[in-house]
Amino acid sequence: MSVPPTLVWFRLDLRLGDNPAVAAAVARGGPVVPVFVWAPEEEAPWEPGAASRWWLHHSLEALDAALRRRGSRLVIRRGPTEAGLGRLVEETGARAVTVAERVEPAVAARDGRVSAALRRRGVEVERTAGNLLFAPDAIRTRSGGPFRVFTPFWKACQAAPAPSEAPEAPRRLRAPESWPDSLRVRDLGLLPAADRAAGLRADWTPGEGGAAALLGRCVSEIVCAYADRRDRPDLEGTSRLSPHLHFGEVGPRQVWTAVEAHAALGGDRGARAAAAAFLRQLGWREFAHHLLAHFPHTAERPLREVYESFPWARDRGALAAWVRGRTGYPAVDAAMRELWTRGWMHNRARMIAASFLVKDLLLTWLEGARWFWDTLVDADLANNTLGWQWAAGCGADAAPYFRIFNPVLQGARFDPRAAYVHRWVPEVARVPAEWAHRPWEAPGPVLESAGVRLGKTYPRPVVDHAAARERALAALASLERGSAPRGRRAAGRPRER
DNA sequence: TTTTGAGTTGTTCGA
DNA sequence: GTCGAACAACTCAAA
């Protein structure tokens with residue numbers, strides 16, 4: 001008797017190598033039907049944003065091409081997922097579905113419902129490990145709870161059994177007797193306006209092949225100097241693997257293995273330290289996902305409850321200036337424009353931009369999280385949540401309340417020649433590095449010869465940082481005392497320059 | 001149960 | 001220019 005087909009339900013694991021769901025389906029011995037169901041409304045309120053959709057379009061095409069090279073293909077359907085998968089089960093006679101776990105609260109809940117519905121039809125659902133190094137349940141404190149502090153978390157990870165070797169991509173996938181109908185990728189309407197897409201296309205190659213090429217390059221070039229260069233937005237010192245990791249075009253175990261192997265090869269202490277610094281970032285990704293799995297409410301609400309009553313300001317004008325990269329602080333504006341053009345922002349720039357929104361403008365981190373969510377090609381609910389709550393000080397680590405980034409100092413330290421600012425803020429491209437991070441303090445003749453007229457060609461600062469800093473400290477102090485700030489003034493806007 | 005040491009990424013001020 | 005101290009108190013994790 002022949003083994004009935006198995007569906008592989010792809011979501012954020014758009015690869016064939018190191019894919020436990022694919023391996024599980026192949027291991028069953030019958031035909032394999034790869035399927036993707038487009039049901040963004042089921043992920044609300046965090047349905048994929050515009051940049052993510054662009055990426056997804058190309059990643060699905062790449063996956064389909066890779067499958068076709070192996071005698072298979074990707075079957076694409078629209079949601080609702082429960083009905084879509086149910087129909088496919090009937091059409092193919094599948095008796096099993098394999099799928100990788102995800103931690104996003106809405107998705108995890110949906111997956112539970114879909115699994116239950118499939119099981120009621122007599123279909124076996126095999127939920128395999130997700131795109132993580134360690135299962136969230138596997139990393140616990142001595143008392144059995146989840147970690148809330150990174151360093152002990154990462155130590156516990158390193159003490160745990162090392163992530164196992166990644167299974168290779170199957171050479172062939174056995175096709176069903178006949179292929180069910182499928183939408184084409186372009187039928188999903190994922191692509192944005194042409195001008196936005198051009199900027200994204202110039203920077204990225206979505207798909208497992210692009211991810212593998214980038215991993216190869218970053219292991220040989222980036223890891224060596226990672227510790228020194230990763231904090232410099234003006235240099236290409238980071239791996240830029242984040243979108244590939246988000247969509248699962250490369251698995252964290254593959255990255256881990258490649259970096260470890262490289263460090264072992266290099267051998268010297270410097271190589272090991274660089275590799276450790278790099279893997280530590282993978283640890284942060286891990287930490288973010290474990291936190292979201294354990295504290296699902298944090299996608300919308302602060303982990304530290306006291307911040308529920310934080311006196312956030314409401315200022316649509318300030319928000320618009322931040323979004324458009326017109327705050328008058330070149331380091332912030334460069335960051336925001338890089339985000340819009342590339343669908344990506346350097347990690348240091350993310351901190352500067354986020355600190356400015358939350359501390360200088362006193363706008364809620366959720367506003368920032370939403371904008372990043374729509375514009376980042378690597379938008380990932382766990383990472384985005386952790387990053388924004390860290391910036392706002394309401395997240396897992398006990399960030400000192402006085403840690404408020406000064407956009408001028410940060411620019412001078414991490415973009416010393418102003419190359420980053422010159423690249424992304426053309427209005428100040430000819431302002432010398434000495435003044436490029438604070439054009440409002442530059443001598444008149446300097447601005448004039450650089451073609452800058454403040455308030456005309458480039459905005460004056462929307463807030464005075466020193467005053468904004470005082471306001472933020474006052475707001476934080478009011479929080480610690482558990483009382484509202486005096487009057488409504490604290491929620492107002494500090495004076496403009 | 002209590003105690004103890006520590007906590008990704010900073011800034012400012014004054015000596 | 002460089003350097004160290006101050007900037008709160010709290011929570012976490014382990015002993």
# chains A, B, ... in the order shown; residues from 1 in each chain; ligands from 1

$ select_by_dssp --residues "stretch 261-419 of chain A" --states "alpha helix (DSSP H)" --output "number ranges by chain"
A: 261-266, 269-294, 316-324, 330-342, 347-355, 365-375, 381-392, 407-414, 419

$ residues_around --residues "A:Cys224" --least-positions-apart "3" --cutoff "10 Å" --atoms "only C-alpha atoms (C1' of nucleotides)" --output "PyMOL selection string"
chain A and resi 218-221+227-229+237+262-263+266+270-275+278

$ interface_residues --of "chain A" --to "chain B" --cutoff "9 Å" --atoms "only C-alpha atoms (C1' of nucleotides)" --output "PyMOL selection string"
chain A and resi 149-151+231+348+351+397-400+402-406

$ write_last_selection --atoms "N, CA and C atoms" --output "PDB file, in the first residue's frame"
ATOM      1  N   VAL A 149      16.556  38.593  31.774  1.00  0.00           N
ATOM      2  CA  VAL A 149      17.802  39.331  31.605  1.00  0.00           C
ATOM      3  C   VAL A 149      18.661  38.574  30.598  1.00  0.00           C
ATOM      4  N   PHE A 150      19.264  39.330  29.685  1.00  0.00           N
ATOM      5  CA  PHE A 150      19.926  38.669  28.573  1.00  0.00           C
ATOM      6  C   PHE A 150      21.120  37.829  28.991  1.00  0.00           C
ATOM      7  N   THR A 151      22.028  38.387  29.778  1.00  0.00           N
ATOM      8  CA  THR A 151      23.294  37.698  30.035  1.00  0.00           C
ATOM      9  C   THR A 151      23.103  36.306  30.647  1.00  0.00           C
ATOM     10  N   ASP A 231      29.204  48.526  14.969  1.00  0.00           N
ATOM     11  CA  ASP A 231      28.497  49.676  15.514  1.00  0.00           C
ATOM     12  C   ASP A 231      28.586  50.898  14.608  1.00  0.00           C
ATOM     13  N   ARG A 348      22.824  50.506  15.043  1.00  0.00           N
ATOM     14  CA  ARG A 348      23.157  51.710  15.823  1.00  0.00           C
ATOM     15  C   ARG A 348      22.180  52.832  15.477  1.00  0.00           C
ATOM     16  N   MET A 351      18.868  52.477  17.175  1.00  0.00           N
ATOM     17  CA  MET A 351      18.858  52.939  18.569  1.00  0.00           C
ATOM     18  C   MET A 351      18.754  54.456  18.643  1.00  0.00           C
ATOM     19  N   ASP A 397      15.250  44.392  29.925  1.00  0.00           N
ATOM     20  CA  ASP A 397      16.450  44.704  30.692  1.00  0.00           C
ATOM     21  C   ASP A 397      16.226  45.980  31.494  1.00  0.00           C
ATOM     22  N   ALA A 398      16.933  46.054  32.613  1.00  0.00           N
ATOM     23  CA  ALA A 398      16.765  47.208  33.490  1.00  0.00           C
ATOM     24  C   ALA A 398      17.644  48.354  32.993  1.00  0.00           C
ATOM     25  N   ALA A 399      17.270  48.962  31.900  1.00  0.00           N
ATOM     26  CA  ALA A 399      18.049  50.067  31.346  1.00  0.00           C
ATOM     27  C   ALA A 399      17.983  51.247  32.298  1.00  0.00           C
ATOM     28  N   PRO A 400      19.131  51.819  32.634  1.00  0.00           N
ATOM     29  CA  PRO A 400      19.105  52.986  33.514  1.00  0.00           C
ATOM     30  C   PRO A 400      18.224  54.086  32.909  1.00  0.00           C
ATOM     31  N   PHE A 402      18.444  57.082  32.930  1.00  0.00           N
ATOM     32  CA  PHE A 402      19.134  58.259  32.405  1.00  0.00           C
ATOM     33  C   PHE A 402      19.843  57.978  31.092  1.00  0.00           C
ATOM     34  N   ARG A 403      19.657  56.786  30.540  1.00  0.00           N
ATOM     35  CA  ARG A 403      20.290  56.469  29.266  1.00  0.00           C
ATOM     36  C   ARG A 403      19.482  57.095  28.132  1.00  0.00           C
ATOM     37  N   ILE A 404      19.821  58.309  27.816  1.00  0.00           N
ATOM     38  CA  ILE A 404      19.131  59.043  26.763  1.00  0.00           C
ATOM     39  C   ILE A 404      20.169  59.422  25.722  1.00  0.00           C
ATOM     40  N   PHE A 405      19.973  58.940  24.513  1.00  0.00           N
ATOM     41  CA  PHE A 405      20.975  59.177  23.476  1.00  0.00           C
ATOM     42  C   PHE A 405      20.976  60.644  23.053  1.00  0.00           C
ATOM     43  N   ASN A 406      22.169  61.182  22.922  1.00  0.00           N
ATOM     44  CA  ASN A 406      22.329  62.513  22.352  1.00  0.00           C
ATOM     45  C   ASN A 406      22.652  62.333  20.874  1.00  0.00           C
TER      46      ASN A 406
END

$ closest_atom_pairs --of "chain C" --to "chain A" --cutoff "10 Å" --atoms "only C-alpha atoms (C1' of nucleotides)" --output "Markdown table"
| residue | atom | partner | partner_atom | distance |
| --- | --- | --- | --- | --- |
| C:DC7 | C1' | A:Phe402 | CA | 6.8 |
| C:DA8 | C1' | A:Tyr401 | CA | 8.1 |
| C:DA9 | C1' | A:Glu480 | CA | 8.5 |
| C:DC10 | C1' | A:Ala398 | CA | 7.8 |
| C:DT11 | C1' | A:Ala398 | CA | 7.3 |
| C:DC12 | C1' | A:Val149 | CA | 6.8 |
| C:DA13 | C1' | A:Thr141 | CA | 7.4 |
| C:DA14 | C1' | A:Arg142 | CA | 7.9 |

$ write_last_selection --atoms "N, CA and C atoms (P, O5', C5', C4', C3', O3' and C1' of nucleotides)" --output "compact mmCIF listing (two decimals), in the first residue's frame"
# COMPACT_ATOMS: atom_id res chain seq x y z
P DC C 7 24.48 61.62 42.62
O5' DC C 7 23.51 61.37 41.40
C5' DC C 7 23.39 62.34 40.36
C4' DC C 7 22.71 61.69 39.20
C3' DC C 7 21.70 60.62 39.59
O3' DC C 7 20.39 61.16 39.56
C1' DC C 7 22.98 60.02 37.67
P DA C 8 19.61 61.00 40.81
O5' DA C 8 20.13 59.57 41.29
C5' DA C 8 19.55 58.44 40.71
C4' DA C 8 18.31 58.06 41.49
C3' DA C 8 18.60 57.36 42.80
O3' DA C 8 17.47 57.53 43.64
C1' DA C 8 17.69 55.83 41.25
P DA C 9 17.36 56.83 45.03
O5' DA C 9 16.60 55.48 44.65
C5' DA C 9 15.32 55.57 44.05
C4' DA C 9 15.00 54.28 43.33
C3' DA C 9 14.77 53.09 44.26
O3' DA C 9 13.55 52.49 43.89
C1' DA C 9 16.23 52.52 42.51
P DC C 10 12.92 51.32 44.62
O5' DC C 10 12.77 50.28 43.44
C5' DC C 10 12.79 50.74 42.09
C4' DC C 10 13.00 49.56 41.19
C3' DC C 10 12.57 48.24 41.81
O3' DC C 10 11.73 47.57 40.91
C1' DC C 10 14.78 48.09 40.98
P DT C 11 10.90 46.37 41.39
O5' DT C 11 11.43 45.26 40.38
C5' DT C 11 11.83 45.64 39.07
C4' DT C 11 12.72 44.57 38.52
C3' DT C 11 12.30 43.16 38.94
O3' DT C 11 12.25 42.38 37.76
C1' DT C 11 14.60 43.53 39.40
P DC C 12 11.66 40.97 37.78
O5' DC C 12 12.96 40.14 37.43
C5' DC C 12 13.79 40.60 36.37
C4' DC C 12 15.13 39.94 36.48
C3' DC C 12 15.07 38.43 36.66
O3' DC C 12 15.86 37.86 35.65
C1' DC C 12 16.54 39.42 38.24
P DA C 13 15.64 36.37 35.26
O5' DA C 13 16.78 35.64 36.10
C5' DA C 13 18.13 35.93 35.76
C4' DA C 13 19.04 35.28 36.75
C3' DA C 13 18.71 33.82 37.07
O3' DA C 13 19.89 33.08 36.87
C1' DA C 13 18.99 35.09 39.06
P DA C 14 19.96 31.53 37.12
O5' DA C 14 20.91 31.45 38.38
C5' DA C 14 22.14 32.17 38.35
C4' DA C 14 22.73 32.21 39.73
C3' DA C 14 22.81 30.85 40.42
O3' DA C 14 24.06 30.77 41.09
C1' DA C 14 21.67 32.36 41.79

$ select_by_dssp --residues "stretch 23-260 of chain A" --states "strand (DSSP E)" --output "PyMOL selection string"
chain A and resi 32-38+75-78+96-100+124-128
